[in-house]
Amino acid sequence: MRYPLVAGNWKMHKDLAASQQLTSEIVGMVGSEADSRVQVVVAPPLLFLRAVNKLLAEAPGIALGAQNCHEANEGAFTGEISAPMLRSVGVQYVIIGHSERRQHFGETDAQLARKVNAALAHGLTPIFCCGETLEIREANTHFDFVRQQLTDGLFHLEAAQLAKLVLAYEPIWAIGTGRTASAQQAQEMHAALRAHLAERYGPAVADQVRILYGGSVKPDNAAEIFAQPDVDGGLIGGASLQSRSFVDIVKAAAIAL
Ligand code: PGA
């Protein structure tokens, strides 16, 4: 039985006051409406991690996430934040390899593998993202492409490390576009990824790894996607910026998963 997870990735949205307000609303609503069967994660902009974490003290079921970290512990890397720094302000999860980081900041699989190591070494749970472009899907090479992202980013890990990790399958053509993958497309990719993990680490380890779906998840499509056997929750962008829609997605996970 995998413990479902719904994470809100706020990206570069919300100032301090808006971050605090959104957090307070989510804390108030999740407490009364969701279910302790779902792990909820919020990933605000780095600058507001501490302020958000203070408000999360009242909600033990909601964990703090970061959207990125550097691969080194410290050093001359102007503008960057390391895994131990995140840990020191209460971060528990870190999104690694989001397609926007790969695309706009040139992050490579080799670099992401080092970031995963840094996160694990400091007790953070990586939410490792993968997913194909529309071109790759139309060329029908998406399974190979996404499997390769896992191989390159993760397969250097020991089984015990891999088992701690969360994966997020996010087809790039579905991110922020309103065009979601169908529940069937999500399920078939998630099953393929779990089979790929099983080939390398065995079925027992593969069965422990939570695989989230991300890409235009909304309250009205969440239940169907979460009902798929290999979908263990969601990584939510746009719909996580409003408490009502985010909490409705959390509720859908509590019912479906
Ligand atoms: P979206 O973003 O829900 O706005 O499509 C998902 C993501 O980028 O994680």
# chains A, B, ... in the order shown; residues from 1 in each chain; ligands from 1
call {"tool": "residues_near_ligand", "arguments": {"ligand": "ligand 1", "cutoff": "6 Å", "atoms": "only C-alpha atoms and all ligand atoms", "output": "ChimeraX atom specification"}}
result
/A:9,174-176,214-217,235-239
call {"tool": "residues_around", "arguments": {"residues": "A:Glu158", "least_positions_apart": "6", "cutoff": "12 Å", "atoms": "only C-alpha atoms", "output": "number ranges by chain"}}
result
A: 117, 120, 164-165, 197, 200-202, 205
call {"tool": "write_last_selection", "arguments": {"atoms": "N, CA and C atoms", "output": "mmCIF file, in the first residue's frame"}}
result
data_model
loop_
_atom_site.group_PDB
_atom_site.id
_atom_site.type_symbol
_atom_site.label_atom_id
_atom_site.label_comp_id
_atom_site.auth_asym_id
_atom_site.auth_seq_id
_atom_site.Cartn_x
_atom_site.Cartn_y
_atom_site.Cartn_z
ATOM 1 N N ASN A 117 21.391 12.918 -5.213
ATOM 2 C CA ASN A 117 22.323 12.476 -4.159
ATOM 3 C C ASN A 117 22.378 13.477 -3.016
ATOM 4 N N LEU A 120 19.133 13.334 -0.901
ATOM 5 C CA LEU A 120 19.056 12.132 -0.056
ATOM 6 C C LEU A 120 20.074 12.184 1.079
ATOM 7 N N LYS A 164 12.997 5.404 -1.257
ATOM 8 C CA LYS A 164 12.542 6.600 -0.530
ATOM 9 C C LYS A 164 12.013 7.690 -1.461
ATOM 10 N N LEU A 165 12.343 7.545 -2.709
ATOM 11 C CA LEU A 165 12.100 8.612 -3.656
ATOM 12 C C LEU A 165 10.649 8.668 -4.158
ATOM 13 N N LEU A 197 11.548 0.310 -13.152
ATOM 14 C CA LEU A 197 12.152 0.267 -11.813
ATOM 15 C C LEU A 197 12.291 -1.184 -11.345
ATOM 16 N N ARG A 200 15.292 -3.089 -12.716
ATOM 17 C CA ARG A 200 16.589 -2.721 -12.122
ATOM 18 C C ARG A 200 16.653 -3.073 -10.624
ATOM 19 N N TYR A 201 15.535 -2.875 -9.913
ATOM 20 C CA TYR A 201 15.562 -2.990 -8.439
ATOM 21 C C TYR A 201 14.691 -4.116 -7.880
ATOM 22 N N GLY A 202 13.945 -4.762 -8.748
ATOM 23 C CA GLY A 202 13.042 -5.818 -8.287
ATOM 24 C C GLY A 202 11.666 -5.263 -7.974
ATOM 25 N N VAL A 205 10.765 -3.293 -4.458
ATOM 26 C CA VAL A 205 11.181 -1.886 -4.374
ATOM 27 C C VAL A 205 10.299 -1.037 -5.296
#
call {"tool": "select_by_dssp", "arguments": {"residues": "stretch 16-187 of chain A", "states": "strand (DSSP E)", "output": "ChimeraX atom specification"}}
result
/A:39-43,62-66,93-96,125-130,166-169
call {"tool": "residues_around", "arguments": {"residues": "stretch 220-233 of chain A", "least_positions_apart": "6", "cutoff": "12 Å", "atoms": "only C-alpha atoms", "output": "PyMOL selection string"}}
result
chain A and resi 1-8+37-41+127+166-170+178-195+206-214+239+245-257
call {"tool": "residues_around", "arguments": {"residues": "A:Gln92", "least_positions_apart": "4", "cutoff": "10 Å", "atoms": "only C-alpha atoms", "output": "JSON, numbers by chain"}}
result
{"A": [41, 63, 64, 65, 66, 86, 87, 88, 119, 122, 123, 124, 125, 126]}
call {"tool": "select_by_dssp", "arguments": {"residues": "stretch 69-145 of chain A", "states": "helix (DSSP H, G or I)", "output": "compact mmCIF listing (two decimals) with N, CA and C atoms, in the first residue's frame"}}
result
# COMPACT_ATOMS: atom_id res chain seq x y z
N ALA A 83 21.01 21.70 -0.37
CA ALA A 83 20.12 20.77 0.35
C ALA A 83 20.22 20.95 1.87
N PRO A 84 21.43 21.04 2.46
CA PRO A 84 21.46 21.25 3.92
C PRO A 84 20.84 22.57 4.35
N MET A 85 20.92 23.59 3.50
CA MET A 85 20.24 24.86 3.85
C MET A 85 18.74 24.66 3.89
N LEU A 86 18.22 23.94 2.91
CA LEU A 86 16.78 23.68 2.88
C LEU A 86 16.38 22.90 4.13
N ARG A 87 17.18 21.91 4.41
CA ARG A 87 16.88 21.07 5.58
C ARG A 87 16.83 21.91 6.85
N SER A 88 17.73 22.89 6.94
CA SER A 88 17.84 23.69 8.17
C SER A 88 16.62 24.58 8.40
N SER A 99 10.53 19.93 -15.58
CA SER A 99 10.84 20.21 -17.00
C SER A 99 11.19 21.68 -17.22
N GLU A 100 10.66 22.57 -16.38
CA GLU A 100 11.02 23.99 -16.54
C GLU A 100 12.47 24.23 -16.16
N ARG A 101 12.99 23.48 -15.18
CA ARG A 101 14.41 23.58 -14.82
C ARG A 101 15.27 22.98 -15.94
N ARG A 102 14.81 21.87 -16.48
CA ARG A 102 15.58 21.25 -17.58
C ARG A 102 15.61 22.18 -18.79
N GLN A 103 14.45 22.77 -19.09
CA GLN A 103 14.32 23.55 -20.32
C GLN A 103 14.93 24.95 -20.20
N HIS A 104 14.60 25.68 -19.12
CA HIS A 104 15.03 27.09 -19.04
C HIS A 104 16.37 27.26 -18.35
N ASP A 109 20.68 15.45 -17.12
CA ASP A 109 20.43 14.24 -16.32
C ASP A 109 21.59 13.99 -15.34
N ALA A 110 22.81 14.22 -15.79
CA ALA A 110 23.97 13.97 -14.91
C ALA A 110 23.93 14.91 -13.70
N GLN A 111 23.57 16.14 -13.96
CA GLN A 111 23.48 17.12 -12.86
C GLN A 111 22.33 16.76 -11.92
N LEU A 112 21.23 16.31 -12.51
CA LEU A 112 20.07 15.93 -11.68
C LEU A 112 20.41 14.73 -10.80
N ALA A 113 21.20 13.82 -11.33
CA ALA A 113 21.63 12.67 -10.52
C ALA A 113 22.40 13.16 -9.29
N ARG A 114 23.23 14.18 -9.47
CA ARG A 114 23.99 14.73 -8.32
C ARG A 114 23.06 15.45 -7.35
N LYS A 115 22.04 16.12 -7.88
CA LYS A 115 21.08 16.80 -6.99
C LYS A 115 20.30 15.78 -6.16
N VAL A 116 19.93 14.68 -6.79
CA VAL A 116 19.23 13.62 -6.06
C VAL A 116 20.12 13.13 -4.92
N ASN A 117 21.39 12.92 -5.21
CA ASN A 117 22.32 12.48 -4.16
C ASN A 117 22.38 13.48 -3.02
N ALA A 118 22.46 14.76 -3.36
CA ALA A 118 22.56 15.79 -2.33
C ALA A 118 21.31 15.79 -1.46
N ALA A 119 20.15 15.70 -2.11
CA ALA A 119 18.90 15.71 -1.35
C ALA A 119 18.85 14.51 -0.40
N LEU A 120 19.13 13.33 -0.90
CA LEU A 120 19.06 12.13 -0.06
C LEU A 120 20.07 12.18 1.08
N ALA A 121 21.25 12.71 0.79
CA ALA A 121 22.30 12.78 1.81
C ALA A 121 21.89 13.67 2.98
N LEU A 134 5.81 17.11 -26.70
CA LEU A 134 4.79 16.67 -27.65
C LEU A 134 5.43 15.99 -28.87
N GLU A 135 6.54 16.56 -29.33
CA GLU A 135 7.24 15.97 -30.50
C GLU A 135 7.62 14.52 -30.25
N ILE A 136 8.14 14.28 -29.05
CA ILE A 136 8.56 12.92 -28.72
C ILE A 136 7.35 11.99 -28.66
N ARG A 137 6.27 12.48 -28.09
CA ARG A 137 5.07 11.63 -28.04
C ARG A 137 4.55 11.35 -29.45
N GLU A 138 4.56 12.38 -30.28
CA GLU A 138 4.04 12.17 -31.63
C GLU A 138 4.94 11.24 -32.44
N HIS A 142 8.03 8.03 -26.68
CA HIS A 142 7.94 8.58 -25.32
C HIS A 142 8.30 7.57 -24.24
N PHE A 143 7.94 6.31 -24.43
CA PHE A 143 8.28 5.34 -23.37
C PHE A 143 9.80 5.23 -23.21
N ASP A 144 10.49 5.07 -24.34
CA ASP A 144 11.95 4.96 -24.28
C ASP A 144 12.57 6.22 -23.69
N PHE A 145 12.04 7.37 -24.10
CA PHE A 145 12.61 8.64 -23.64
C PHE A 145 12.50 8.78 -22.12
call {"tool": "residues_around", "arguments": {"residues": "A:Ala72", "least_positions_apart": "2", "cutoff": "7 Å", "atoms": "only C-alpha atoms", "output": "list in words"}}
result
His70, Glu74, Ser82 and Ala118 of chain A
call {"tool": "write_last_selection", "arguments": {"atoms": "C-alpha atoms", "output": "PDB file, in the first residue's frame"}}
result
ATOM      1  CA  HIS A  70      21.937  22.872  -5.747  1.00  0.00           C
ATOM      2  CA  GLU A  74      28.099  25.045  -0.019  1.00  0.00           C
ATOM      3  CA  SER A  82      21.862  23.847  -1.026  1.00  0.00           C
ATOM      4  CA  ALA A 118      22.561  15.793  -2.332  1.00  0.00           C
TER       5      ALA A 118
END
call {"tool": "residues_around", "arguments": {"residues": "A:Leu56", "least_positions_apart": "4", "cutoff": "12 Å", "atoms": "only C-alpha atoms", "output": "NGL selection string"}}
result
:A and (19-28 or 30-31 or 40-43 or 49-52 or 60-65 or 90-91)
call {"tool": "atom_distance", "arguments": {"atom1": "atom CA of A:Ser240", "atom2": "atom CA of A:Gly79"}}
result
25.9 Å
call {"tool": "atom_distance", "arguments": {"atom1": "atom CA of A:Leu241", "atom2": "atom CA of A:Leu47"}}
result
16.6 Å
call {"tool": "closest_residue", "arguments": {"among": "A:Trp10, A:Phe48, A:Lys218, A:Phe128", "to": "A:Ile96", "atoms": "only C-alpha atoms"}}
result
A:Phe128
call {"tool": "atom_distance", "arguments": {"atom1": "atom CA of A:Asn140", "atom2": "atom CA of A:His196"}}
result
17.7 Å
call {"tool": "decode", "arguments": {"residues": "stretch 31-162 of chain A", "atoms": "C-alpha atoms", "output": "PDB file, in the first residue's frame"}}
result
ATOM      1  CA  GLY A  31      -7.617  19.946   8.546  1.00  0.00           C
ATOM      2  CA  SER A  32     -11.363  19.730   8.263  1.00  0.00           C
ATOM      3  CA  GLU A  33     -11.971  18.330   4.812  1.00  0.00           C
ATOM      4  CA  ALA A  34      -9.194  16.085   3.661  1.00  0.00           C
ATOM      5  CA  ASP A  35      -7.983  12.913   5.124  1.00  0.00           C
ATOM      6  CA  SER A  36      -4.907  11.817   6.981  1.00  0.00           C
ATOM      7  CA  ARG A  37      -4.467   9.155   4.311  1.00  0.00           C
ATOM      8  CA  VAL A  38      -2.970  11.741   1.964  1.00  0.00           C
ATOM      9  CA  GLN A  39       0.446  13.336   2.404  1.00  0.00           C
ATOM     10  CA  VAL A  40       0.092  16.965   1.358  1.00  0.00           C
ATOM     11  CA  VAL A  41       3.157  18.995   0.339  1.00  0.00           C
ATOM     12  CA  VAL A  42       3.335  22.693  -0.492  1.00  0.00           C
ATOM     13  CA  ALA A  43       6.338  24.062  -2.388  1.00  0.00           C
ATOM     14  CA  PRO A  44       6.327  27.880  -2.218  1.00  0.00           C
ATOM     15  CA  PRO A  45       9.061  30.120  -3.609  1.00  0.00           C
ATOM     16  CA  LEU A  46      12.338  29.607  -1.694  1.00  0.00           C
ATOM     17  CA  LEU A  47      12.200  33.041  -0.134  1.00  0.00           C
ATOM     18  CA  PHE A  48       8.978  32.227   1.718  1.00  0.00           C
ATOM     19  CA  LEU A  49       9.806  28.745   2.989  1.00  0.00           C
ATOM     20  CA  ARG A  50      10.257  29.854   6.570  1.00  0.00           C
ATOM     21  CA  ALA A  51       7.136  31.984   6.714  1.00  0.00           C
ATOM     22  CA  VAL A  52       5.083  29.164   5.230  1.00  0.00           C
ATOM     23  CA  ASN A  53       6.638  26.612   7.556  1.00  0.00           C
ATOM     24  CA  LYS A  54       5.607  28.628  10.607  1.00  0.00           C
ATOM     25  CA  LEU A  55       1.987  28.341   9.522  1.00  0.00           C
ATOM     26  CA  LEU A  56       2.385  24.620   8.829  1.00  0.00           C
ATOM     27  CA  ALA A  57       3.249  24.004  12.482  1.00  0.00           C
ATOM     28  CA  GLU A  58      -0.498  23.725  13.080  1.00  0.00           C
ATOM     29  CA  ALA A  59      -0.910  21.094  10.366  1.00  0.00           C
ATOM     30  CA  PRO A  60       1.287  18.048  10.889  1.00  0.00           C
ATOM     31  CA  GLY A  61      -0.165  16.385   7.777  1.00  0.00           C
ATOM     32  CA  ILE A  62       1.196  19.076   5.482  1.00  0.00           C
ATOM     33  CA  ALA A  63       4.905  19.039   4.664  1.00  0.00           C
ATOM     34  CA  LEU A  64       7.147  21.755   3.293  1.00  0.00           C
ATOM     35  CA  GLY A  65       8.721  21.315  -0.146  1.00  0.00           C
ATOM     36  CA  ALA A  66      11.282  23.250  -2.169  1.00  0.00           C
ATOM     37  CA  GLN A  67      11.228  23.609  -5.937  1.00  0.00           C
ATOM     38  CA  ASN A  68      14.939  23.041  -6.526  1.00  0.00           C
ATOM     39  CA  CYS A  69      18.292  22.678  -4.789  1.00  0.00           C
ATOM     40  CA  HIS A  70      21.937  22.872  -5.747  1.00  0.00           C
ATOM     41  CA  GLU A  71      24.053  19.744  -5.906  1.00  0.00           C
ATOM     42  CA  ALA A  72      26.866  21.046  -3.649  1.00  0.00           C
ATOM     43  CA  ASN A  73      26.575  21.572   0.108  1.00  0.00           C
ATOM     44  CA  GLU A  74      28.099  25.045  -0.019  1.00  0.00           C
ATOM     45  CA  GLY A  75      30.455  27.116  -2.097  1.00  0.00           C
ATOM     46  CA  ALA A  76      30.813  29.953  -4.556  1.00  0.00           C
ATOM     47  CA  PHE A  77      27.518  29.467  -6.398  1.00  0.00           C
ATOM     48  CA  THR A  78      25.900  32.895  -6.370  1.00  0.00           C
ATOM     49  CA  GLY A  79      22.147  32.776  -6.066  1.00  0.00           C
ATOM     50  CA  GLU A  80      21.906  29.075  -5.300  1.00  0.00           C
ATOM     51  CA  ILE A  81      20.544  27.195  -2.266  1.00  0.00           C
ATOM     52  CA  SER A  82      21.862  23.847  -1.026  1.00  0.00           C
ATOM     53  CA  ALA A  83      20.118  20.775   0.351  1.00  0.00           C
ATOM     54  CA  PRO A  84      21.462  21.251   3.916  1.00  0.00           C
ATOM     55  CA  MET A  85      20.244  24.857   3.848  1.00  0.00           C
ATOM     56  CA  LEU A  86      16.780  23.681   2.882  1.00  0.00           C
ATOM     57  CA  ARG A  87      16.877  21.067   5.575  1.00  0.00           C
ATOM     58  CA  SER A  88      17.837  23.687   8.168  1.00  0.00           C
ATOM     59  CA  VAL A  89      14.580  25.587   7.619  1.00  0.00           C
ATOM     60  CA  GLY A  90      12.356  22.524   7.839  1.00  0.00           C
ATOM     61  CA  VAL A  91      12.075  21.422   4.210  1.00  0.00           C
ATOM     62  CA  GLN A  92      11.200  17.733   3.794  1.00  0.00           C
ATOM     63  CA  TYR A  93      10.655  17.337   0.046  1.00  0.00           C
ATOM     64  CA  VAL A  94      12.466  18.831  -2.932  1.00  0.00           C
ATOM     65  CA  ILE A  95      11.318  18.837  -6.540  1.00  0.00           C
ATOM     66  CA  ILE A  96      14.223  17.829  -8.760  1.00  0.00           C
ATOM     67  CA  GLY A  97      14.359  17.937 -12.531  1.00  0.00           C
ATOM     68  CA  HIS A  98      11.114  19.752 -13.224  1.00  0.00           C
ATOM     69  CA  SER A  99      10.837  20.207 -16.995  1.00  0.00           C
ATOM     70  CA  GLU A 100      11.016  23.990 -16.541  1.00  0.00           C
ATOM     71  CA  ARG A 101      14.408  23.583 -14.824  1.00  0.00           C
ATOM     72  CA  ARG A 102      15.581  21.251 -17.577  1.00  0.00           C
ATOM     73  CA  GLN A 103      14.317  23.553 -20.317  1.00  0.00           C
ATOM     74  CA  HIS A 104      15.028  27.086 -19.040  1.00  0.00           C
ATOM     75  CA  PHE A 105      18.060  26.418 -16.838  1.00  0.00           C
ATOM     76  CA  GLY A 106      19.735  23.714 -18.893  1.00  0.00           C
ATOM     77  CA  GLU A 107      19.711  21.073 -16.161  1.00  0.00           C
ATOM     78  CA  THR A 108      21.096  17.787 -17.437  1.00  0.00           C
ATOM     79  CA  ASP A 109      20.434  14.244 -16.317  1.00  0.00           C
ATOM     80  CA  ALA A 110      23.970  13.971 -14.911  1.00  0.00           C
ATOM     81  CA  GLN A 111      23.479  17.120 -12.864  1.00  0.00           C
ATOM     82  CA  LEU A 112      20.073  15.930 -11.678  1.00  0.00           C
ATOM     83  CA  ALA A 113      21.632  12.667 -10.523  1.00  0.00           C
ATOM     84  CA  ARG A 114      23.987  14.728  -8.321  1.00  0.00           C
ATOM     85  CA  LYS A 115      21.081  16.802  -6.994  1.00  0.00           C
ATOM     86  CA  VAL A 116      19.225  13.619  -6.062  1.00  0.00           C
ATOM     87  CA  ASN A 117      22.323  12.476  -4.159  1.00  0.00           C
ATOM     88  CA  ALA A 118      22.561  15.793  -2.332  1.00  0.00           C
ATOM     89  CA  ALA A 119      18.896  15.705  -1.354  1.00  0.00           C
ATOM     90  CA  LEU A 120      19.056  12.132  -0.056  1.00  0.00           C
ATOM     91  CA  ALA A 121      22.301  12.775   1.812  1.00  0.00           C
ATOM     92  CA  HIS A 122      20.559  15.506   3.781  1.00  0.00           C
ATOM     93  CA  GLY A 123      17.334  13.697   4.548  1.00  0.00           C
ATOM     94  CA  LEU A 124      15.198  15.373   1.898  1.00  0.00           C
ATOM     95  CA  THR A 125      12.816  13.309  -0.215  1.00  0.00           C
ATOM     96  CA  PRO A 126      13.348  14.062  -3.896  1.00  0.00           C
ATOM     97  CA  ILE A 127      10.290  14.387  -6.116  1.00  0.00           C
ATOM     98  CA  PHE A 128      12.064  13.479  -9.331  1.00  0.00           C
ATOM     99  CA  CYS A 129      10.282  14.723 -12.458  1.00  0.00           C
ATOM    100  CA  CYS A 130      10.313  13.174 -15.887  1.00  0.00           C
ATOM    101  CA  GLY A 131       8.224  13.558 -19.021  1.00  0.00           C
ATOM    102  CA  GLU A 132       8.326  13.954 -22.764  1.00  0.00           C
ATOM    103  CA  THR A 133       7.647  16.796 -25.189  1.00  0.00           C
ATOM    104  CA  LEU A 134       4.785  16.674 -27.654  1.00  0.00           C
ATOM    105  CA  GLU A 135       7.236  15.972 -30.502  1.00  0.00           C
ATOM    106  CA  ILE A 136       8.564  12.917 -28.716  1.00  0.00           C
ATOM    107  CA  ARG A 137       5.071  11.630 -28.040  1.00  0.00           C
ATOM    108  CA  GLU A 138       4.043  12.170 -31.634  1.00  0.00           C
ATOM    109  CA  ALA A 139       7.132  10.271 -32.774  1.00  0.00           C
ATOM    110  CA  ASN A 140       5.955   7.467 -30.483  1.00  0.00           C
ATOM    111  CA  THR A 141       9.280   7.290 -28.646  1.00  0.00           C
ATOM    112  CA  HIS A 142       7.941   8.577 -25.319  1.00  0.00           C
ATOM    113  CA  PHE A 143       8.281   5.341 -23.368  1.00  0.00           C
ATOM    114  CA  ASP A 144      11.950   4.962 -24.277  1.00  0.00           C
ATOM    115  CA  PHE A 145      12.606   8.636 -23.642  1.00  0.00           C
ATOM    116  CA  VAL A 146      11.123   8.717 -20.154  1.00  0.00           C
ATOM    117  CA  ARG A 147      12.659   5.371 -19.185  1.00  0.00           C
ATOM    118  CA  GLN A 148      16.033   6.812 -20.190  1.00  0.00           C
ATOM    119  CA  GLN A 149      15.467   9.850 -17.946  1.00  0.00           C
ATOM    120  CA  LEU A 150      15.038   7.464 -15.015  1.00  0.00           C
ATOM    121  CA  THR A 151      18.054   5.399 -15.970  1.00  0.00           C
ATOM    122  CA  ASP A 152      20.282   8.469 -16.273  1.00  0.00           C
ATOM    123  CA  GLY A 153      18.982  10.336 -13.243  1.00  0.00           C
ATOM    124  CA  LEU A 154      18.352   7.556 -10.751  1.00  0.00           C
ATOM    125  CA  PHE A 155      19.809   4.178 -11.567  1.00  0.00           C
ATOM    126  CA  HIS A 156      23.102   4.886  -9.807  1.00  0.00           C
ATOM    127  CA  LEU A 157      21.180   4.738  -6.497  1.00  0.00           C
ATOM    128  CA  GLU A 158      21.099   1.796  -4.114  1.00  0.00           C
ATOM    129  CA  ALA A 159      17.738   0.084  -3.732  1.00  0.00           C
ATOM    130  CA  ALA A 160      17.218   1.492  -0.228  1.00  0.00           C
ATOM    131  CA  GLN A 161      17.724   5.029  -1.542  1.00  0.00           C
ATOM    132  CA  LEU A 162      15.498   4.525  -4.549  1.00  0.00           C
TER     133      LEU A 162
END
